[in-house]
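Source file: final.pdb. Holds: PDB, C-alpha atoms and all ligand atoms.
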ATOM      1  CA  MET A   1       9.915  -8.351   9.036
ATOM      2  CA  LEU A   2      10.548  -5.865   6.198
ATOM      3  CA  GLU A   3      13.879  -4.114   6.150
ATOM      4  CA  LEU A   4      15.302  -1.550   3.739
ATOM      5  CA  GLU A   5      18.953  -0.787   4.188
ATOM      6  CA  ALA A   6      20.550   2.193   2.415
ATOM      7  CA  VAL A   7      18.258   1.742  -0.590
ATOM      8  CA  SER A   8      18.744   4.020  -3.591
ATOM      9  CA  LYS A   9      17.069   4.054  -6.968
ATOM     10  CA  THR A  10      18.326   5.953  -9.967
ATOM     11  CA  TYR A  11      16.325   6.048 -13.169
ATOM     12  CA  ARG A  12      18.146   6.522 -16.442
ATOM     13  CA  LEU A  13      16.321   8.676 -18.931
ATOM     14  CA  GLY A  14      16.753   9.614 -22.552
ATOM     15  CA  ALA A  15      17.469   7.467 -25.579
ATOM     16  CA  PHE A  16      20.946   6.513 -24.395
ATOM     17  CA  GLY A  17      20.237   6.555 -20.680
ATOM     18  CA  THR A  18      22.412   9.588 -20.342
ATOM     19  CA  ARG A  19      20.228  11.577 -17.976
ATOM     20  CA  GLU A  20      19.814  10.252 -14.458
ATOM     21  CA  VAL A  21      17.156  10.916 -11.847
ATOM     22  CA  THR A  22      17.808   9.678  -8.338
ATOM     23  CA  ALA A  23      14.291   9.041  -7.073
ATOM     24  CA  VAL A  24      15.307   7.387  -3.780
ATOM     25  CA  ARG A  25      18.540   7.972  -1.870
ATOM     26  CA  ASP A  26      19.958   5.928   1.005
ATOM     27  CA  VAL A  27      16.641   5.038   2.574
ATOM     28  CA  ASP A  28      16.543   2.937   5.748
ATOM     29  CA  LEU A  29      13.131   1.712   6.791
ATOM     30  CA  THR A  30      11.649  -1.203   8.716
ATOM     31  CA  VAL A  31       8.142  -2.534   9.161
ATOM     32  CA  GLU A  32       7.482  -5.040  11.917
ATOM     33  CA  ARG A  33       4.644  -7.532  12.179
ATOM     34  CA  GLY A  34       1.279  -5.848  12.752
ATOM     35  CA  GLU A  35       2.803  -2.403  12.526
ATOM     36  CA  VAL A  36       1.487   0.465  10.424
ATOM     37  CA  VAL A  37       4.262   2.679   9.125
ATOM     38  CA  SER A  38       3.340   5.751   7.158
ATOM     39  CA  LEU A  39       5.638   6.949   4.448
ATOM     40  CA  ILE A  40       4.816  10.587   3.932
ATOM     41  CA  GLY A  41       6.135  12.895   1.253
ATOM     42  CA  GLU A  42       5.077  15.326  -1.400
ATOM     43  CA  SER A  43       4.384  14.243  -4.948
ATOM     44  CA  GLY A  44       7.610  13.135  -6.645
ATOM     45  CA  SER A  45       9.426  12.395  -3.372
ATOM     46  CA  GLY A  46       9.931   8.722  -4.278
ATOM     47  CA  LYS A  47       7.116   7.017  -2.358
ATOM     48  CA  THR A  48       5.755   4.914  -5.208
ATOM     49  CA  THR A  49       9.276   3.948  -6.229
ATOM     50  CA  ILE A  50       9.869   2.611  -2.713
ATOM     51  CA  GLY A  51       6.531   0.768  -2.784
ATOM     52  CA  ARG A  52       7.380  -0.866  -6.100
ATOM     53  CA  MET A  53      10.790  -1.955  -4.853
ATOM     54  CA  VAL A  54       9.243  -3.421  -1.695
ATOM     55  CA  LEU A  55       6.859  -5.389  -3.914
ATOM     56  CA  GLY A  56       9.767  -6.680  -5.977
ATOM     57  CA  LEU A  57       8.480  -4.860  -9.075
ATOM     58  CA  ALA A  58      11.573  -2.671  -9.373
ATOM     59  CA  ALA A  59      15.140  -3.249  -8.248
ATOM     60  CA  PRO A  60      17.150  -0.837  -6.123
ATOM     61  CA  THR A  61      20.239   0.591  -7.759
ATOM     62  CA  LYS A  62      22.003   0.265  -4.401
ATOM     63  CA  GLY A  63      21.170  -1.169  -1.008
ATOM     64  CA  GLN A  64      19.231  -4.168   0.237
ATOM     65  CA  ILE A  65      15.584  -5.011   0.793
ATOM     66  CA  ARG A  66      14.872  -8.061   2.951
ATOM     67  CA  PHE A  67      11.695  -9.757   4.071
ATOM     68  CA  ASP A  68      12.183 -12.118   7.022
ATOM     69  CA  GLY A  69      15.883 -11.743   6.370
ATOM     70  CA  VAL A  70      15.679 -12.952   2.757
ATOM     71  CA  PRO A  71      16.546 -10.575  -0.105
ATOM     72  CA  VAL A  72      13.505  -9.429  -2.091
ATOM     73  CA  THR A  73      15.395  -8.153  -5.093
ATOM     74  CA  GLY A  74      16.205 -10.651  -7.799
ATOM     75  CA  ARG A  75      13.270 -12.916  -7.036
ATOM     76  CA  ARG A  76      11.581 -13.967 -10.236
ATOM     77  CA  GLY A  77       8.959 -16.460 -11.334
ATOM     78  CA  ARG A  78       8.096 -18.906  -8.592
ATOM     79  CA  ALA A  79      10.151 -17.119  -5.933
ATOM     80  CA  LEU A  80       8.460 -13.791  -6.646
ATOM     81  CA  LYS A  81       5.070 -15.455  -6.602
ATOM     82  CA  GLY A  82       5.836 -16.997  -3.221
ATOM     83  CA  TYR A  83       6.723 -13.531  -1.965
ATOM     84  CA  HIS A  84       3.477 -12.115  -3.360
ATOM     85  CA  ARG A  85       1.509 -14.599  -1.300
ATOM     86  CA  GLN A  86       2.792 -12.664   1.704
ATOM     87  CA  VAL A  87       3.168  -9.136   0.409
ATOM     88  CA  GLN A  88       0.682  -7.318  -1.813
ATOM     89  CA  GLY A  89       0.140  -3.766  -2.959
ATOM     90  CA  VAL A  90      -2.918  -1.646  -3.556
ATOM     91  CA  PHE A  91      -2.344   1.486  -5.574
ATOM     92  CA  GLN A  92      -3.776   4.942  -5.821
ATOM     93  CA  ASP A  93      -6.147   4.774  -8.713
ATOM     94  CA  PRO A  94      -8.450   1.765  -8.497
ATOM     95  CA  PHE A  95      -9.921   2.461 -11.944
ATOM     96  CA  SER A  96      -6.571   1.937 -13.629
ATOM     97  CA  THR A  97      -6.206  -1.536 -12.096
ATOM     98  CA  PHE A  98      -9.476  -2.731 -13.579
ATOM     99  CA  ASN A  99      -9.867  -3.430 -17.268
ATOM    100  CA  PRO A 100     -13.113  -1.668 -18.231
ATOM    101  CA  VAL A 101     -13.912  -4.409 -20.751
ATOM    102  CA  PHE A 102     -14.141  -7.130 -18.123
ATOM    103  CA  LYS A 103     -16.383  -7.499 -15.133
ATOM    104  CA  ALA A 104     -14.732  -6.230 -11.973
ATOM    105  CA  ASP A 105     -14.652  -9.632 -10.284
ATOM    106  CA  ARG A 106     -12.207 -10.832 -12.919
ATOM    107  CA  VAL A 107      -9.472  -9.582 -10.569
ATOM    108  CA  PHE A 108     -10.400 -12.484  -8.312
ATOM    109  CA  ALA A 109     -10.347 -15.009 -11.153
ATOM    110  CA  LEU A 110      -6.797 -13.915 -11.939
ATOM    111  CA  VAL A 111      -5.740 -14.581  -8.345
ATOM    112  CA  ARG A 112      -7.325 -18.011  -8.575
ATOM    113  CA  ASP A 113      -5.566 -18.831 -11.844
ATOM    114  CA  GLY A 114      -2.248 -17.569 -10.534
ATOM    115  CA  PHE A 115      -2.221 -18.910  -7.005
ATOM    116  CA  PHE A 116      -5.012 -21.397  -6.366
ATOM    117  CA  PRO A 117      -5.717 -23.330  -9.578
ATOM    118  CA  ASP A 118      -6.692 -26.429  -7.595
ATOM    119  CA  VAL A 119      -9.359 -24.851  -5.395
ATOM    120  CA  PRO A 120     -12.797 -26.047  -6.543
ATOM    121  CA  THR A 121     -15.212 -23.395  -7.854
ATOM    122  CA  THR A 122     -17.717 -23.482  -5.001
ATOM    123  CA  ARG A 123     -14.966 -23.323  -2.398
ATOM    124  CA  TRP A 124     -13.342 -20.426  -4.282
ATOM    125  CA  ARG A 125     -16.641 -18.563  -4.414
ATOM    126  CA  GLU A 126     -16.945 -18.919  -0.640
ATOM    127  CA  ARG A 127     -13.454 -17.561  -0.153
ATOM    128  CA  VAL A 128     -14.123 -14.543  -2.379
ATOM    129  CA  GLU A 129     -17.354 -13.843  -0.529
ATOM    130  CA  ALA A 130     -15.590 -14.077   2.826
ATOM    131  CA  ALA A 131     -12.882 -11.680   1.622
ATOM    132  CA  LEU A 132     -15.546  -9.233   0.398
ATOM    133  CA  HIS A 133     -17.355  -9.391   3.726
ATOM    134  CA  GLY A 134     -13.972  -8.699   5.315
ATOM    135  CA  VAL A 135     -13.875  -5.336   3.541
ATOM    136  CA  ARG A 136     -17.549  -4.628   4.242
ATOM    137  CA  LEU A 137     -18.779  -5.294   0.734
ATOM    138  CA  GLU A 138     -21.917  -7.252  -0.038
ATOM    139  CA  PRO A 139     -20.876  -9.788  -2.722
ATOM    140  CA  ALA A 140     -24.172  -9.384  -4.607
ATOM    141  CA  ASP A 141     -23.537  -5.632  -4.892
ATOM    142  CA  VAL A 142     -20.173  -5.959  -6.610
ATOM    143  CA  LEU A 143     -19.790  -9.354  -8.265
ATOM    144  CA  ASP A 144     -20.920  -9.525 -11.854
ATOM    145  CA  LYS A 145     -20.605  -5.750 -12.317
ATOM    146  CA  TYR A 146     -18.449  -3.758 -14.688
ATOM    147  CA  PRO A 147     -15.949  -1.291 -13.168
ATOM    148  CA  HIS A 148     -17.974   1.730 -14.319
ATOM    149  CA  GLN A 149     -20.967   0.417 -12.386
ATOM    150  CA  LEU A 150     -19.014   0.583  -9.132
ATOM    151  CA  SER A 151     -17.713   3.509  -7.077
ATOM    152  CA  GLY A 152     -14.026   4.234  -6.495
ATOM    153  CA  GLY A 153     -14.493   3.174  -2.873
ATOM    154  CA  GLN A 154     -16.039  -0.150  -3.875
ATOM    155  CA  LEU A 155     -13.252  -0.853  -6.365
ATOM    156  CA  GLN A 156     -10.600   0.080  -3.823
ATOM    157  CA  ARG A 157     -12.141  -2.279  -1.298
ATOM    158  CA  MET A 158     -12.302  -5.044  -3.898
ATOM    159  CA  LEU A 159      -8.555  -4.627  -4.398
ATOM    160  CA  ILE A 160      -7.969  -4.891  -0.667
ATOM    161  CA  ALA A 161     -10.188  -8.004  -0.654
ATOM    162  CA  ARG A 162      -8.120  -9.427  -3.488
ATOM    163  CA  ALA A 163      -4.972  -8.905  -1.418
ATOM    164  CA  LEU A 164      -6.664 -10.557   1.562
ATOM    165  CA  LEU A 165      -7.454 -13.708  -0.414
ATOM    166  CA  LEU A 166      -3.749 -14.403  -0.222
ATOM    167  CA  ASP A 167      -3.486 -14.264   3.559
ATOM    168  CA  ILE A 168      -0.801 -11.615   3.295
ATOM    169  CA  ARG A 169       1.403 -10.345   6.114
ATOM    170  CA  LEU A 170       2.302  -6.967   4.628
ATOM    171  CA  LEU A 171       0.164  -4.611   2.583
ATOM    172  CA  VAL A 172       1.719  -1.760   0.648
ATOM    173  CA  ALA A 173      -1.076   0.808   0.441
ATOM    174  CA  ASP A 174      -0.052   3.569  -1.954
ATOM    175  CA  GLU A 175      -2.327   6.622  -1.646
ATOM    176  CA  ILE A 176      -5.333   4.336  -1.374
ATOM    177  CA  ILE A 177      -7.370   6.827   0.599
ATOM    178  CA  SER A 178      -6.579  10.045  -1.195
ATOM    179  CA  MET A 179      -9.102   9.735  -3.957
ATOM    180  CA  LEU A 180     -11.984   8.428  -1.904
ATOM    181  CA  ASP A 181     -14.792  10.619  -0.673
ATOM    182  CA  ALA A 182     -14.904  11.537   3.010
ATOM    183  CA  SER A 183     -17.326   8.868   4.220
ATOM    184  CA  THR A 184     -15.579   6.032   2.377
ATOM    185  CA  ARG A 185     -12.232   7.265   3.666
ATOM    186  CA  ILE A 186     -13.255   6.621   7.240
ATOM    187  CA  ASP A 187     -14.537   3.149   6.287
ATOM    188  CA  VAL A 188     -11.286   2.187   4.620
ATOM    189  CA  LEU A 189      -9.214   3.643   7.478
ATOM    190  CA  ASN A 190     -11.253   1.715  10.009
ATOM    191  CA  LEU A 191     -10.861  -1.416   7.912
ATOM    192  CA  LEU A 192      -7.086  -0.973   7.958
ATOM    193  CA  GLY A 193      -7.319  -0.563  11.731
ATOM    194  CA  GLU A 194      -9.132  -3.892  11.999
ATOM    195  CA  LEU A 195      -6.643  -5.640   9.731
ATOM    196  CA  LYS A 196      -3.811  -4.248  11.808
ATOM    197  CA  ALA A 197      -5.472  -5.565  14.953
ATOM    198  CA  ALA A 198      -5.550  -8.971  13.238
ATOM    199  CA  GLY A 199      -1.766  -8.794  12.736
ATOM    200  CA  LEU A 200      -1.384  -7.310   9.260
ATOM    201  CA  ALA A 201       1.498  -4.896   8.732
ATOM    202  CA  VAL A 202       0.886  -1.927   6.457
ATOM    203  CA  LEU A 203       3.261   0.405   4.683
ATOM    204  CA  PHE A 204       0.885   3.319   4.342
ATOM    205  CA  VAL A 205       2.066   5.637   1.600
ATOM    206  CA  THR A 206       0.503   9.084   1.513
ATOM    207  CA  HIS A 207       1.150  12.731   0.761
ATOM    208  CA  ASP A 208      -1.415  13.603   3.409
ATOM    209  CA  LEU A 209       0.008  14.226   6.878
ATOM    210  CA  ALA A 210      -3.377  14.070   8.523
ATOM    211  CA  LEU A 211      -4.035  10.574   7.172
ATOM    212  CA  GLY A 212      -0.550   9.523   8.214
ATOM    213  CA  THR A 213      -1.033  10.541  11.834
ATOM    214  CA  TYR A 214      -4.453   9.071  11.942
ATOM    215  CA  ILE A 215      -3.355   5.563  11.185
ATOM    216  CA  SER A 216       0.278   4.893  11.878
ATOM    217  CA  ASP A 217       2.503   3.663  14.682
ATOM    218  CA  ARG A 218       5.606   5.075  13.072
ATOM    219  CA  THR A 219       6.167   7.770  10.507
ATOM    220  CA  VAL A 220       8.879   8.224   7.929
ATOM    221  CA  ILE A 221       9.025  11.607   6.207
ATOM    222  CA  LEU A 222      10.533  11.640   2.767
ATOM    223  CA  ARG A 223      11.802  14.652   0.889
ATOM    224  CA  ALA A 224      13.222  14.421  -2.623
ATOM    225  CA  GLY A 225      13.997  10.733  -2.122
ATOM    226  CA  GLU A 226      15.662  11.078   1.270
ATOM    227  CA  VAL A 227      14.383  10.352   4.767
ATOM    228  CA  VAL A 228      14.342  13.625   6.671
ATOM    229  CA  GLU A 229      12.651  12.335   9.781
ATOM    230  CA  ALA A 230      11.555   8.989  11.207
ATOM    231  CA  GLY A 231      10.175   7.830  14.511
ATOM    232  CA  PRO A 232       7.067   6.969  16.494
ATOM    233  CA  THR A 233       4.224   8.947  14.916
ATOM    234  CA  GLN A 234       3.281  10.825  18.057
ATOM    235  CA  GLU A 235       6.877  11.926  18.643
ATOM    236  CA  VAL A 236       7.405  13.020  15.070
ATOM    237  CA  PHE A 237       4.266  15.102  15.177
ATOM    238  CA  ALA A 238       4.655  16.446  18.691
ATOM    239  CA  ASP A 239       8.303  17.362  18.314
ATOM    240  CA  PRO A 240       9.521  17.374  14.734
ATOM    241  CA  ARG A 241      13.319  17.583  14.473
ATOM    242  CA  HIS A 242      13.532  18.839  10.934
ATOM    243  CA  GLU A 243      12.448  22.214   9.683
ATOM    244  CA  TYR A 244      10.891  20.572   6.656
ATOM    245  CA  THR A 245       8.556  18.559   8.892
ATOM    246  CA  ARG A 246       7.736  21.634  10.962
ATOM    247  CA  ASN A 247       6.747  23.491   7.805
ATOM    248  CA  LEU A 248       4.648  20.576   6.610
ATOM    249  CA  LEU A 249       2.886  20.438   9.961
ATOM    250  CA  ALA A 250       2.295  24.161  10.028
ATOM    251  CA  ALA A 251       0.521  23.842   6.692
ATOM    252  CA  VAL A 252      -2.052  21.394   8.093
ATOM    253  CA  PRO A 253      -4.882  23.287   9.777
ATOM    254  CA  HIS A 254      -5.750  20.511  12.154
ATOM    255  CA  LEU A 255      -4.894  16.856  12.390
ATOM    256  CA  HIS A 256      -7.282  13.967  12.748
ATOM    257  CA  SER A 257      -7.557  12.049  15.952
ATOM    258  CA  ARG A 258      -5.664   8.790  15.905
ATOM    259  CA  TRP A 259      -7.203   5.689  14.425
ATOM    260  CA  ASP A 260      -7.630   4.016  17.775
ATOM    261  CA  GLU A 261      -9.736   6.892  19.024
ATOM    262  CA  PRO A 262     -13.389   6.797  18.041
ATOM    263  CA  VAL A 263     -14.136   8.573  14.782
ATOM    264  CA  LYS A 264     -16.897  11.169  14.659
TER
HETATM  265  N1  LIG B   1       9.699   4.688 -14.301
HETATM  266  C1  LIG B   1      10.296   5.863 -14.096
HETATM  267  N2  LIG B   1      11.221   6.338 -14.956
HETATM  268  C2  LIG B   1      11.834   7.503 -14.744
HETATM  269  N3  LIG B   1      11.603   8.305 -13.700
HETATM  270  C3  LIG B   1      10.693   7.909 -12.808
HETATM  271  C4  LIG B   1       9.985   6.672 -12.964
HETATM  272  N4  LIG B   1       9.147   6.538 -11.900
HETATM  273  C5  LIG B   1       9.315   7.638 -11.142
HETATM  274  N5  LIG B   1      10.240   8.468 -11.662
HETATM  275  C6  LIG B   1      10.704   9.740 -11.093
HETATM  276  O1  LIG B   1      11.157   9.467  -9.768
HETATM  277  C7  LIG B   1      10.747  10.483  -8.865
HETATM  278  C8  LIG B   1       9.905   9.866  -7.755
HETATM  279  O2  LIG B   1       8.680   9.413  -8.298
HETATM  280  P1  LIG B   1       7.627   8.564  -7.459
HETATM  281  O3  LIG B   1       8.331   7.442  -6.806
HETATM  282  O4  LIG B   1       6.488   8.250  -8.323
HETATM  283  O5  LIG B   1       7.211   9.626  -6.327
HETATM  284  P2  LIG B   1       5.844   9.775  -5.496
HETATM  285  O6  LIG B   1       5.141   8.473  -5.477
HETATM  286  O7  LIG B   1       6.312  10.239  -4.135
HETATM  287  O8  LIG B   1       5.051  10.857  -6.166
HETATM  288  C9  LIG B   1      10.037  11.513  -9.713
HETATM  289  O9  LIG B   1      10.977  12.495 -10.063
HETATM  290  C10 LIG B   1       9.577  10.744 -10.923
HETATM  291  O10 LIG B   1       9.476  11.575 -12.035
HETATM  292 MG    MG B   2       3.170   7.974  -5.943
END

Any chance you could give the structure as structure tokens?
Ligand SMILES: Nc1ncnc2c1ncn2[C@@H]1O[C@H](COP(=O)(O)OP(=O)(O)O)[C@@H](O)[C@H]1O
Ligand SMILES: [Mg+2]
Amino acid sequence: MLELEAVSKTYRLGAFGTREVTAVRDVDLTVERGEVVSLIGESGSGKTTIGRMVLGLAAPTKGQIRFDGVPVTGRRGRALKGYHRQVQGVFQDPFSTFNPVFKADRVFALVRDGFFPDVPTTRWRERVEAALHGVRLEPADVLDKYPHQLSGGQLQRMLIARALLLDIRLLVADEIISMLDASTRIDVLNLLGELKAAGLAVLFVTHDLALGTYISDRTVILRAGEVVEAGPTQEVFADPRHEYTRNLLAAVPHLHSRWDEPVK
């Protein structure tokens, strides 16, 4: 479904673009329908850059990104919008996505304006409420509130609900769990498990190995923009090929059970 082939991204810095930073180098990666792939790497390893390229928000310097065989890069306007009906991202810091001046449910109004201008108001309201129930939020608890009146977990779930309004096939989840408290983490992880069971594919971006193992079918380990290891999650964790992965694993005191095992 999603395919990255030898993707690199170099940023040019400085007033004349004279300094270059290669954030992503020769990355191959695929995500199939209903599959959760975790992209694990330390801060600065290029994860967000990959996520933004997958979402069509940044262009690779080299290489190809395809969704259902069609190039993602270079889509603009209507073509990009069509792509965003199928592929959406949720990013690390939910507070930064919300404008504190507006009520939090404005994020839904923007989806309506952008994608469903012809849906009547009552019908739209029903769809928003269904999407909120889908992420275990009670509409009355969150609609008509300002961002500061809601918790990080509630805002994060609203953003997932917003993505779900579009009936997407792939979700790019960039560090969406990291800043949640422990109890909300489990809720959001379980929610992702349910969405996966319903056929949604997830590119699960995290610096946290334990979260990666917990949720994913396959794991890709990134170091300084390059893939050092990739494979089925259980194999990568049971028998890491690369010393870097072994060191990462050694630094984790104990890993979670997998998402399909009951959570205590
Ligand atoms: N817009 C940008 N302009 C210049 N450099 C950037 C930009 N975005 C990211 N970088 C650099 O690219 C590298 C990878 O960053 P990023 O993709 O955010 O990594 P991660 O999400 O794994 O922390 C870092 O060195 C970062 O400083
Ligand atoms: Mg990042």

Q | Point-to-point distance in Å for CA of Ala131 in chain A and CA of Thr30 in chain A | A | 27.6 Å

Q) Written as a ChimeraX atom specification, which residues does the PyMOL selection byres (((chain A and resi 109-117) around 12) and not hetatm) give for the file shown? A) /A:77-78,80-86,88,98,102-108,118-121,123-125,127-128,143-144,159,161-167

Q. Mind listing the residues within 10 Å of ligand LIG 1 (chain B), all atoms listed in the file counted, as JSON, numbers by chain?
A. {"A": [9, 10, 11, 12, 13, 14, 19, 20, 21, 22, 23, 24, 39, 40, 41, 42, 43, 44, 45, 46, 47, 48, 49, 50, 51, 52, 53, 58, 92, 174, 175, 205, 206, 207, 222, 223, 224, 225]}

Name the residues captured by the PyMOL selection byres (((chain A and resi 172) around 8) and not hetatm) when it is applied to the shown file; answer as a short mmCIF file (atom, residue, chain, number, x, y, z; two decimals) with C-alpha atoms, keeping the file's coordinate frame.
data_model
loop_
_atom_site.label_atom_id
_atom_site.label_comp_id
_atom_site.auth_asym_id
_atom_site.auth_seq_id
_atom_site.Cartn_x
_atom_site.Cartn_y
_atom_site.Cartn_z
CA GLY A 51 6.53 0.77 -2.78
CA LEU A 55 6.86 -5.39 -3.91
CA VAL A 87 3.17 -9.14 0.41
CA GLN A 88 0.68 -7.32 -1.81
CA GLY A 89 0.14 -3.77 -2.96
CA VAL A 90 -2.92 -1.65 -3.56
CA LEU A 170 2.30 -6.97 4.63
CA LEU A 171 0.16 -4.61 2.58
CA ALA A 173 -1.08 0.81 0.44
CA ASP A 174 -0.05 3.57 -1.95
CA VAL A 202 0.89 -1.93 6.46
CA LEU A 203 3.26 0.40 4.68
CA PHE A 204 0.88 3.32 4.34
CA VAL A 205 2.07 5.64 1.60
#

Quick one: 6 Å padding each side, axis-aligned, all listed atoms of range 158-163 of chain A - centre and edge lengths in Å to one decimal, as JSON?
{"center_x": -8.6, "center_y": -7.0, "center_z": -2.5, "size_x": 19.3, "size_y": 16.8, "size_z": 15.7}

Q.
Env of range 244-247 of chain A: 10 Å cut, atoms = all atoms listed in the file, seq-sep filter 3 positions within chain, self excluded. Answer as an MDAnalysis selection string.
A. chainID A and resid 41 209 221:223 228:229 236:241 250:252

Q: Can you turn the PyMOL selection byres (((chain A and resi 157) around 8) and not hetatm) into a concrete residue list for this file, as a PyMOL selection string?
A: chain A and resi 132+135+137+153-156+158-161+188

Could you write out the selected residues, including C-alpha atoms, as an mmCIF file, in the frame of the given file?
data_model
loop_
_atom_site.group_PDB
_atom_site.id
_atom_site.type_symbol
_atom_site.label_atom_id
_atom_site.label_comp_id
_atom_site.auth_asym_id
_atom_site.auth_seq_id
_atom_site.Cartn_x
_atom_site.Cartn_y
_atom_site.Cartn_z
ATOM 1 C CA LEU A 132 -15.546 -9.233 0.398
ATOM 2 C CA VAL A 135 -13.875 -5.336 3.541
ATOM 3 C CA LEU A 137 -18.779 -5.294 0.734
ATOM 4 C CA GLY A 153 -14.493 3.174 -2.873
ATOM 5 C CA GLN A 154 -16.039 -0.150 -3.875
ATOM 6 C CA LEU A 155 -13.252 -0.853 -6.365
ATOM 7 C CA GLN A 156 -10.600 0.080 -3.823
ATOM 8 C CA MET A 158 -12.302 -5.044 -3.898
ATOM 9 C CA LEU A 159 -8.555 -4.627 -4.398
ATOM 10 C CA ILE A 160 -7.969 -4.891 -0.667
ATOM 11 C CA ALA A 161 -10.188 -8.004 -0.654
ATOM 12 C CA VAL A 188 -11.286 2.187 4.620
#

**Q.** Residue with smallest distance to ligand MG 2 (chain B) - pool A:Gln149, A:Arg75, A:Ser96, A:Phe91, counting all atoms listed in the file
**A.**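 Smallest distance to ligand MG 2 (chain B) is found for A:Phe91.
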
**Q.** Length of the CA of Asp93 in chain A to CA of Ser178 in chain A vector [Å]
**A.**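 Taking CA of Asp93 in chain A and CA of Ser178 in chain A, their separation equals 9.2 Å.
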
Q) What is the distance, in Å and to one decimal place, between CA of Ile168 in chain A and CA of Leu192 in chain A? A)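 Distance between the two atoms: 13.2 Å.
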
Q | From A:Asp208, A:Asp28, A:Asp141, A:Asp181, residue lying nearest ligand MG 2 (chain B) [only C-alpha atoms and all ligand atoms] | A |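 Among the listed residues, A:Asp208 lies closest to ligand MG 2 (chain B).
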
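Within 12 Å of the point (16.5, -10.5, -6.6), and counting only C-alpha atoms, the protein, DNA and RNA residues are Met53, Val54, Leu55, Gly56, Leu57, Ala58, Ala59, Pro60, Thr61, Gly63, Gln64, Ile65, Arg66, Phe67, Val70, Pro71, Val72, Thr73, Gly74, Arg75, Arg76, Gly77, Ala79, Leu80 and Tyr83 of chain A.
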
Q.
Under the rule that all atoms listed in the file are counted, which of A:Glu3, A:Ile176, A:Pro232, A:Val37 is the nearest residue to ligand MG 2 (chain B)?
A.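 Counting all atoms listed in the file, the residue closest to ligand MG 2 (chain B) is A:Ile176.
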
Q.
Using all atoms listed in the file, which protein or nucleic acid residues come within 8 Å of Phe95 in chain A? Drop anything in the same chain fewer than 4 positions from it, and give the result as a ChimeraX atom specification.
A. /A:99,147,152,155

(Q) Residues within 10 Å of (-7.9, -2.8, 10.1), file coordinates, counting only C-alpha atoms: what are they? Give the list as a PyMOL selection string. (A) chain A and resi 36+134-135+187-202+215+259

Preceding selection exported with C-alpha atoms as an mmCIF file, in the frame of the given file:
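The file below, out05.cif, is the result:
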data_model
loop_
_atom_site.group_PDB
_atom_site.id
_atom_site.type_symbol
_atom_site.label_atom_id
_atom_site.label_comp_id
_atom_site.auth_asym_id
_atom_site.auth_seq_id
_atom_site.Cartn_x
_atom_site.Cartn_y
_atom_site.Cartn_z
ATOM 1 C CA VAL A 36 1.487 0.465 10.424
ATOM 2 C CA GLY A 134 -13.972 -8.699 5.315
ATOM 3 C CA VAL A 135 -13.875 -5.336 3.541
ATOM 4 C CA ASP A 187 -14.537 3.149 6.287
ATOM 5 C CA VAL A 188 -11.286 2.187 4.620
ATOM 6 C CA LEU A 189 -9.214 3.643 7.478
ATOM 7 C CA ASN A 190 -11.253 1.715 10.009
ATOM 8 C CA LEU A 191 -10.861 -1.416 7.912
ATOM 9 C CA LEU A 192 -7.086 -0.973 7.958
ATOM 10 C CA GLY A 193 -7.319 -0.563 11.731
ATOM 11 C CA GLU A 194 -9.132 -3.892 11.999
ATOM 12 C CA LEU A 195 -6.643 -5.640 9.731
ATOM 13 C CA LYS A 196 -3.811 -4.248 11.808
ATOM 14 C CA ALA A 197 -5.472 -5.565 14.953
ATOM 15 C CA ALA A 198 -5.550 -8.971 13.238
ATOM 16 C CA GLY A 199 -1.766 -8.794 12.736
ATOM 17 C CA LEU A 200 -1.384 -7.310 9.260
ATOM 18 C CA ALA A 201 1.498 -4.896 8.732
ATOM 19 C CA VAL A 202 0.886 -1.927 6.457
ATOM 20 C CA ILE A 215 -3.355 5.563 11.185
ATOM 21 C CA TRP A 259 -7.203 5.689 14.425
#

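With distances restricted to all atoms listed in the file, A:Val27 is the closest residue to Glu226 in chain A from A:Val27, A:Ala15, A:Val142, A:Leu248.
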